[in-house]
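Visitor: Have a look at this one.
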4 protein chains.
Amino acid sequence: MAKVLLTGFEPFGNTPINPAESVMRMLDGTRIANGDIHGLLIPNNFFESIEVVTDAIEKTEPQLVVMLGEYSGRAIITAERIAQNYNDSTRYNLKDNRGVEMQGEPTIQNGPVAYHSTLPIRAMVMAMRNIGVPADISDTAGTFCCNHMMYGALHYIATNQLNIPAGWIHLPQLPQIAALPENIGNPSMSKETAALGIQAAIEAALANPRDTDDPIPSHLQI
Amino acid sequence: MAKVLLTGFEPFGNTPINPAESVMRMLDGTRIANGDIHGLLIPNNFFESIEVVTDAIEKTEPQLVVMLGEYSGRAIITAERIAQNYNDSTRYNLKDNRGVEMQGEPTIQNGPVAYHSTLPIRAMVMAMRNIGVPADISDTAGTFCCNHMMYGALHYIATNQLNIPAGWIHLPQLPQIAALPENIGNPSMSKETAALGIQAAIEAALANPRDTDDPIPSHLQI
Amino acid sequence: MAKVLLTGFEPFGNTPINPAESVMRMLDGTRIANGDIHGLLIPNNFFESIEVVTDAIEKTEPQLVVMLGEYSGRAIITAERIAQNYNDSTRYNLKDNRGVEMQGEPTIQNGPVAYHSTLPIRAMVMAMRNIGVPADISDTAGTFCCNHMMYGALHYIATNQLNIPAGWIHLPQLPQIAALPENIGNPSMSKETAALGIQAAIEAALANPRDTDDPIPSHLQI
Amino acid sequence: MAKVLLTGFEPFGNTPINPAESVMRMLDGTRIANGDIHGLLIPNNFFESIEVVTDAIEKTEPQLVVMLGEYSGRAIITAERIAQNYNDSTRYNLKDNRGVEMQGEPTIQNGPVAYHSTLPIRAMVMAMRNIGVPADISDTAGTFCCNHMMYGALHYIATNQLNIPAGWIHLPQLPQIAALPENIGNPSMSKETAALGIQAAIEAALANPRDTDDPIPSHLQI
């Protein structure tokens with residue numbers, strides 16, 4: 001059996017219900033393929049979030065780490081390719097749950113500029129699409145707590161030379177949040193659809209230690 | 001008891017599963033408040049669609065008519081305010097299911113330019129939002145079969161001086177359709193979320209023979 | 001020679017510079033094909049706007065009426081197909097320049113539900129595209145002052161049985177307005193590009209008293 | 001006097017006219033503040049693009065390097081924060097101008113995951129907004145030739161320990177490209193507006209060797 005650490009952020013800012021928490025709780029304690037899902041709620045705070053996840057990695061010794069967050073405004077699930085050593089919450093007019101703003105500071109002084117996800121994100125995206133859940137690869141996790149924690153977790157795994165695939169997946173807003181007056185017009189995804197996608201993604205990650213080479217058409221323009 | 005005629009379009013074009021059909025089938029035969037839901041599948045064809053719905057109005061003698069269609073690219077449920085006497089399928093590069101294109105022809109020769117929905121759409125939109133389903137009013141039902149059938153049904157009701165509130169609600173693509181390679185990036189809504197919204201909308205329509213005056217903030221710009 | 005009445009709205013709400021006014025002023029007094037352009041600035045007020053344009057129609061006796069407004073959030077020029085007898089400024093959180101809100105009232109009591117533009121909008125859109133200015137047909141002019149004035153002008157022309165083609169064209173925000181902090185992310189179009197498009201559109205309208213039947217592919221989905 | 005190397009990509013794929021080339025040619029040979037603009041056209045090819053720009057850096061010995069590209073679908077000018085050591089042209093269904101596709105290969109074997117732009121992008125974005133040109137910071141330059149060349153140039157500068165601020169700015173499609181049938185609906189920006197913005201950005205870069213700490217509100221959601 002494989003242990004899968006599945007983290008989900010708690011509510012923050014204008015997100016009274018975080019789909020990351022909802023999906024984490026739905027899958028916590030379940031078995032996906034040969035993986036036992038260990039759910040973990042993460043405080044939406046700079047640095048503390050990294051401590052919580054790295055502590056859990058140390059104690060749980062998982063074979064796979066999948067971290068979940070919310071990305072308002074995105075219509076589909078996005079598997080993040082990269083996390084950068086840079087933070088700016090002010091552009092979103094947001095603070096973390098302890099009221100801390102960051103603007104321009106790195107997460108790790110003199111750390112590498114960025115880490116690539118070590119998840120097989122191509123295989124995971126194709127698995128989500130194949131099960132009927134819209135998904136794509138993203139090349140930016142933003143500059144708020146999600147990117148921060150993704151960078152911190154990958155830095156911890158790299159500097160400790162752990163051989164654990166880890167990475168981040170962003171979920172759209174929940175319908176009930178997109179139905180609030182200030183969000184009308186935003187796309188959304190139900191927690192059931194999102195959980196179906198994350199299940200398929202985890203199954204694909206467990207089955208594909210190395211990523212697929214299949215093309216992932218995106219309808220992105222450049 | 002009130003009879004509610006709830007119609008849903010069949011698949012068409014690039015839509016192998018139509019959320020309008022899915023939601024209609026989920027609610028067919030159920031009771032919503034004091035309303036019995038009579039579901040009806042509609043062929044996605046110019047003019048035949050109007051015949052099918054007006055035949056059903058004549059035979060069923062409903063107290064309320066709610067017609068459902070799909071609007072790809074929209075992220076939320078939209079209650080249509082208006083249907084116009086104009087058809088153009090060519091701009092969407094679409095034909096109806098019998099291969100018919102329309103381009104510039106009216107639905108009713110010398111008919112009125114447009115009909116307003118006679119549903120209490122403000123109350124219906126607020127009811128959907130209140131139950132956590134993102135929704136808004138739309139001022140265009142497009143120029144394909146949905147607008148065509150909405151116009152035709154409202155024209156039939158008006159010219160026969162029937163006193164039946166009737167109108168159109170558009171649903172986003174289903175997730176499994178938005179997950180097809182050609183649609184990646186499109187917003188979607190699960191049939192469960194959409195059905196929850198339509199239930200609340202029908203309940204509101206049964207309770208509000210005259211529409212509310214509450215403001216419906218839209219986050220639309222102009 | 002033909003007289004062309006070209007109207008442009010003054011600034012309103014969060015639009016300190018209105019591209020409609022800018023383009024009207026750029027083309028005022030010029031000759032386009034066989035047309036002399038008579039520019040007219042319109043106050044952004046319910047009902048007063050209609051009085052000003054219908055007075056000008058009576059006095060100028062133009063052969064063509066092209067009315068310009070701004071539609072924030074749209075990326076391309078849109079020729080409106082239809083104006084409806086319905087007003088709602090509250091959804092945009094806007095008032096007119098005298099502080100008047102409308103919510104649900106018609107422009108003309110017991111007037112027709114809608115009027116279609118009598119401009120050759122297909123030919124005008126194709127002419128704009130052919131000269132390199134992105135444009136499309138729109139099926140909603142919103143529910144604020146633009147739709148209001150378009151409806152009022154078409155109602156006046158229809159009820160007075162004047163044989164004057166008339167209609168509405170919406171312009172995107174100007175770059176300097178899209179560069180304001182509250183608008184960052186909005187698409188824009190320079191007044192020079194917009195004026196080039198309007199010139200081509202007017203030339204096409206003068207040359208095509210009846211509209212073309214050419215298909216106008218839209219990349220809209222439905 | 002300072003020498004400013006300003007590069008612009010040639011046409012590629014579905015972009016018969018590249019705004020990057022147009023703006024580069026408009027500013028080539030001009031003086032901006034104390035900077036002499038040395039324009040350079042770049043072939044849209046993997047690796048060759050890097051050779052051309054690094055050769056020019058070696059020969060010109062500029063004090064500032066600003067590289068321009070086009071990003072279709074974006075409505076505003078975007079100053080890129082980061083370039084990654086990863087290439088995938090297949091997701092865009094694109095090849096470079098010699099017909100080469102990349103899918104998953106790095107630009108530099110065992111190179112760092114990413115480089116941050118060394119331009120004062122916050123100051124440059126604020127300068128563009130202040131002159132009325134909509135602009136923002138972007139956290140992804142895509143995975144086609146722009147990101148490739150940005151990474152390659154920054155890698156060259158870093159490994160040669162040159163002290164030259166360098167980075168990438170993306171321009172929206174030109175109006176005439178957004179007016180092509182396959183692009184209708186895309187936002188655009190005229191070359192005149194774009195050139196005005198790039199002038200202001202270069203002036204800001206020359207004046208701010210260290211970046212500003214001013215907040216850059218984005219209206220991005222997360």
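Going by the structure tokens order, chains are called A, B, ..., each with residues numbered from 1, while ligands are numbered from 1 in the order shown.
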Please identify all polymer residues within 9 Å of Val125 in chain B, counting only C-alpha atoms, omitting same-chain residues fewer than 6 positions from it, and present them as a list in words.

Guide: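 In the requested format, the answer is Ile77, Thr78, Ala79, Pro134, Ala135, Asp136, Ile137, Gly197, Ala200, Ala201, Ala204 and Ile216 of chain B.
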
Visitor: Selection from above, N, CA and C atoms, as a PDB file, in the first residue's frame, can you write it?

Guide:
```pdb
ATOM      1  N   ILE B  77     -25.975  29.810 -14.822  1.00  0.00           N
ATOM      2  CA  ILE B  77     -27.322  29.676 -15.374  1.00  0.00           C
ATOM      3  C   ILE B  77     -27.839  31.059 -15.743  1.00  0.00           C
ATOM      4  N   THR B  78     -28.479  31.174 -16.906  1.00  0.00           N
ATOM      5  CA  THR B  78     -28.993  32.478 -17.322  1.00  0.00           C
ATOM      6  C   THR B  78     -30.472  32.370 -17.685  1.00  0.00           C
ATOM      7  N   ALA B  79     -31.249  33.208 -17.029  1.00  0.00           N
ATOM      8  CA  ALA B  79     -32.675  33.326 -17.357  1.00  0.00           C
ATOM      9  C   ALA B  79     -32.797  34.379 -18.449  1.00  0.00           C
ATOM     10  N   PRO B 134     -25.000  29.716  -9.022  1.00  0.00           N
ATOM     11  CA  PRO B 134     -24.731  30.987  -9.696  1.00  0.00           C
ATOM     12  C   PRO B 134     -25.650  31.186 -10.902  1.00  0.00           C
ATOM     13  N   ALA B 135     -26.295  32.334 -10.957  1.00  0.00           N
ATOM     14  CA  ALA B 135     -27.271  32.612 -12.004  1.00  0.00           C
ATOM     15  C   ALA B 135     -27.365  34.097 -12.242  1.00  0.00           C
ATOM     16  N   ASP B 136     -27.824  34.463 -13.415  1.00  0.00           N
ATOM     17  CA  ASP B 136     -28.030  35.874 -13.744  1.00  0.00           C
ATOM     18  C   ASP B 136     -29.085  35.962 -14.848  1.00  0.00           C
ATOM     19  N   ILE B 137     -29.532  37.183 -15.092  1.00  0.00           N
ATOM     20  CA  ILE B 137     -30.414  37.440 -16.226  1.00  0.00           C
ATOM     21  C   ILE B 137     -29.546  37.666 -17.453  1.00  0.00           C
ATOM     22  N   GLY B 197     -30.634  24.381  -9.115  1.00  0.00           N
ATOM     23  CA  GLY B 197     -31.005  25.735  -9.492  1.00  0.00           C
ATOM     24  C   GLY B 197     -32.378  25.789 -10.146  1.00  0.00           C
ATOM     25  N   ALA B 200     -35.178  25.457  -7.643  1.00  0.00           N
ATOM     26  CA  ALA B 200     -35.403  26.702  -6.898  1.00  0.00           C
ATOM     27  C   ALA B 200     -36.076  27.747  -7.779  1.00  0.00           C
ATOM     28  N   ALA B 201     -35.697  27.760  -9.055  1.00  0.00           N
ATOM     29  CA  ALA B 201     -36.277  28.746  -9.977  1.00  0.00           C
ATOM     30  C   ALA B 201     -37.763  28.460 -10.200  1.00  0.00           C
ATOM     31  N   ALA B 204     -39.730  29.437  -7.192  1.00  0.00           N
ATOM     32  CA  ALA B 204     -39.897  30.895  -7.144  1.00  0.00           C
ATOM     33  C   ALA B 204     -40.942  31.367  -8.150  1.00  0.00           C
ATOM     34  N   ILE B 216     -30.947  43.186  -8.998  1.00  0.00           N
ATOM     35  CA  ILE B 216     -30.197  41.966  -9.319  1.00  0.00           C
ATOM     36  C   ILE B 216     -28.805  42.390  -9.751  1.00  0.00           C
TER      37      ILE B 216
END
```

Visitor: Please, which residues of chain C lie no more than 12 Å from chain A when the count uses only C-alpha atoms, and can they be set out as a PDB file with all heavy atoms, in the first residue's frame?

Guide:
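Below is the file selection_30.pdb, written as the result:
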```
ATOM      1  N   ARG C  91     -28.536  47.009 -12.172  1.00  0.00           N
ATOM      2  CA  ARG C  91     -27.659  45.833 -12.262  1.00  0.00           C
ATOM      3  C   ARG C  91     -26.213  46.217 -12.508  1.00  0.00           C
ATOM      4  O   ARG C  91     -25.297  45.448 -12.213  1.00  0.00           O
ATOM      5  CB  ARG C  91     -28.144  44.888 -13.360  1.00  0.00           C
ATOM      6  CG  ARG C  91     -27.894  45.416 -14.752  1.00  0.00           C
ATOM      7  CD  ARG C  91     -28.830  44.877 -15.800  1.00  0.00           C
ATOM      8  NE  ARG C  91     -28.681  43.453 -16.048  1.00  0.00           N
ATOM      9  CZ  ARG C  91     -28.663  42.919 -17.276  1.00  0.00           C
ATOM     10  NH1 ARG C  91     -28.713  43.686 -18.362  1.00  0.00           N
ATOM     11  NH2 ARG C  91     -28.592  41.633 -17.446  1.00  0.00           N
ATOM     12  N   PRO C 181      -6.602  51.984 -12.371  1.00  0.00           N
ATOM     13  CA  PRO C 181      -6.456  50.838 -11.454  1.00  0.00           C
ATOM     14  C   PRO C 181      -7.691  49.941 -11.386  1.00  0.00           C
ATOM     15  O   PRO C 181      -7.577  48.714 -11.344  1.00  0.00           O
ATOM     16  CB  PRO C 181      -6.191  51.513 -10.103  1.00  0.00           C
ATOM     17  CG  PRO C 181      -5.589  52.825 -10.436  1.00  0.00           C
ATOM     18  CD  PRO C 181      -6.206  53.252 -11.739  1.00  0.00           C
ATOM     19  N   ILE C 184      -8.011  47.444 -14.619  1.00  0.00           N
ATOM     20  CA  ILE C 184      -6.901  46.638 -15.132  1.00  0.00           C
ATOM     21  C   ILE C 184      -7.371  45.222 -15.485  1.00  0.00           C
ATOM     22  O   ILE C 184      -7.976  44.539 -14.674  1.00  0.00           O
ATOM     23  CB  ILE C 184      -5.742  46.574 -14.121  1.00  0.00           C
ATOM     24  CG1 ILE C 184      -5.055  47.928 -14.014  1.00  0.00           C
ATOM     25  CG2 ILE C 184      -4.703  45.514 -14.528  1.00  0.00           C
ATOM     26  CD1 ILE C 184      -4.475  48.471 -15.294  1.00  0.00           C
TER      27      ILE C 184
END
```

Visitor: Which residues are near Asp214 in chain B? Cut-off 12 Å, only C-alpha atoms, ignore same chain within fewer than 5 positions. Put them as an MDAnalysis selection string.

Guide: (chainID B and resid 120:127) or (chainID C and resid 88 90:91 103:104)

Visitor: Nearest to Asp139 in chain A among D:Thr193, D:Ser49, D:Asn85, D:Thr7, with distances taken over only C-alpha atoms: which residue is it?

Guide: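 Residue with the minimum atom-to-atom distance to Asp139 in chain A: D:Asn85.
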
Visitor: With only C-alpha atoms as the basis for distance, which of C:Asn130, C:Asn110, C:Ser22, C:Thr15 is at the shortest distance from Asp96 in chain C?

Guide: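 Of the candidates, the smallest distance to Asp96 in chain C is held by C:Thr15.
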
Visitor: Taking only C-alpha atoms into account, name the residue in C:Leu27, C:Cys146, C:Ile82, C:Leu196 that is nearest to Phe12 in chain C.

Guide: C:Cys146

Visitor: Of the residues D:Tyr115, D:Tyr92, D:Tyr156, D:Trp168, which is the one nearest to Thr143 in chain D, using only C-alpha atoms?

Guide: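 That would be D:Tyr92, the residue with the smallest distance to Thr143 in chain D.
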
Visitor: Could you pull the residues within 10 Å of Thr60 in chain A, counting only C-alpha atoms, minus those fewer than 4 positions along the same chain, as a PyMOL selection string?

Guide: chain A and resi 3-5+38+54-56

Visitor: Which neighbours of Ala114 in chain A fall inside 6 Å, counting only C-alpha atoms, when residues of the same chain fewer than 5 positions from it are skipped, and could you give them as a PyMOL selection string?

Guide: (chain A and resi 83-85) or (chain D and resi 113-114)

Visitor: Next, write the just-selected residues to a file, as a PDB file, in the first residue's frame, keeping N, CA and C atoms as the atom set.

Guide:
```pdb
ATOM      1  N   ALA A  83       6.438  26.343  -9.147  1.00  0.00           N
ATOM      2  CA  ALA A  83       6.262  27.257  -8.001  1.00  0.00           C
ATOM      3  C   ALA A  83       7.489  28.142  -7.926  1.00  0.00           C
ATOM      4  N   GLN A  84       7.283  29.440  -7.676  1.00  0.00           N
ATOM      5  CA  GLN A  84       8.425  30.354  -7.668  1.00  0.00           C
ATOM      6  C   GLN A  84       8.686  30.923  -6.287  1.00  0.00           C
ATOM      7  N   ASN A  85       9.924  31.318  -6.104  1.00  0.00           N
ATOM      8  CA  ASN A  85      10.398  31.866  -4.830  1.00  0.00           C
ATOM      9  C   ASN A  85      10.098  33.353  -4.761  1.00  0.00           C
TER      10      ASN A  85
ATOM     11  N   VAL D 113      15.816  25.703 -12.855  1.00  0.00           N
ATOM     12  CA  VAL D 113      14.410  25.563 -13.241  1.00  0.00           C
ATOM     13  C   VAL D 113      13.884  26.843 -13.878  1.00  0.00           C
ATOM     14  N   ALA D 114      14.320  27.978 -13.378  1.00  0.00           N
ATOM     15  CA  ALA D 114      13.766  29.246 -13.871  1.00  0.00           C
ATOM     16  C   ALA D 114      14.695  30.405 -13.565  1.00  0.00           C
TER      17      ALA D 114
END
```

Visitor: Which one is closest to Glu182 in chain B: A:Ala158, A:Leu94, A:Leu220, A:Ile57? Count only C-alpha atoms.

Guide: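 Looking at the shortest contact to Glu182 in chain B, the residue is A:Leu220.
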
Visitor: Please indicate the distance in Å from CA of Ser138 in chain B to CA of Ala75 in chain B, rounded to one decimal place.

Guide: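 Going from CA of Ser138 in chain B over to CA of Ala75 in chain B, I get 12.1 Å.
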
Visitor: Which parts of range 62-114 of chain C does DSSP call strand (DSSP E or B) when run on the backbone here, written out as an NGL selection string?

Guide: :C and (64-70 or 77-80 or 82-84 or 88 or 103 or 114)

Visitor: Please return as a list in words: the residues of range 32-143 of chain D that backbone DSSP assigns to alpha helix (DSSP H).

Guide: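 Taking range 32-143 of chain D and keeping alpha helix (DSSP H) gives Glu48, Ser49, Ile50, Glu51, Val52, Val53, Thr54, Asp55, Ala56, Ile57, Glu58, Lys59, Thr60, Ile121, Arg122, Ala123, Met124, Val125, Met126, Ala127, Met128, Arg129 and Asn130 of chain D.
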
Visitor: So how many Å separate CA of Ile222 in chain A and CA of Thr159 in chain D, to one decimal?

Guide: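 These two atoms are separated by 28.4 Å.
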
Visitor: Can you tell me how far CA of Gly35 in chain B sits from CA of Val65 in chain B, in Å to one decimal?

Guide: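 Between CA of Gly35 in chain B and CA of Val65 in chain B the gap is 11.3 Å.
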
Visitor: Env of Asn18 in chain C: 8 Å cut, atoms = only C-alpha atoms, seq-sep filter 5 positions within chain, self excluded. Answer as a ChimeraX atom specification.

Guide: /C:9-12,69-70,173-174

Visitor: Please produce an output containing C-alpha atoms for each residue in the selection, written as a PDB file, in the first residue's frame.

Guide:
```pdb
ATOM      1  CA  PHE C   9     -22.440  59.866 -25.724  1.00  0.00           C
ATOM      2  CA  GLU C  10     -20.669  62.124 -23.262  1.00  0.00           C
ATOM      3  CA  PRO C  11     -18.743  60.698 -20.271  1.00  0.00           C
ATOM      4  CA  PHE C  12     -20.718  58.856 -17.586  1.00  0.00           C
ATOM      5  CA  GLY C  69     -21.679  54.320 -27.214  1.00  0.00           C
ATOM      6  CA  GLU C  70     -19.118  52.549 -25.057  1.00  0.00           C
ATOM      7  CA  GLN C 173     -13.068  51.234 -23.565  1.00  0.00           C
ATOM      8  CA  LEU C 174     -10.225  53.570 -24.514  1.00  0.00           C
TER       9      LEU C 174
END
```

Visitor: Considering only C-alpha atoms, state which residue in the set C:Gly167, C:Pro217, C:Pro112, C:Pro172 is at the smallest distance from Gly73 in chain C.

Guide: C:Pro172
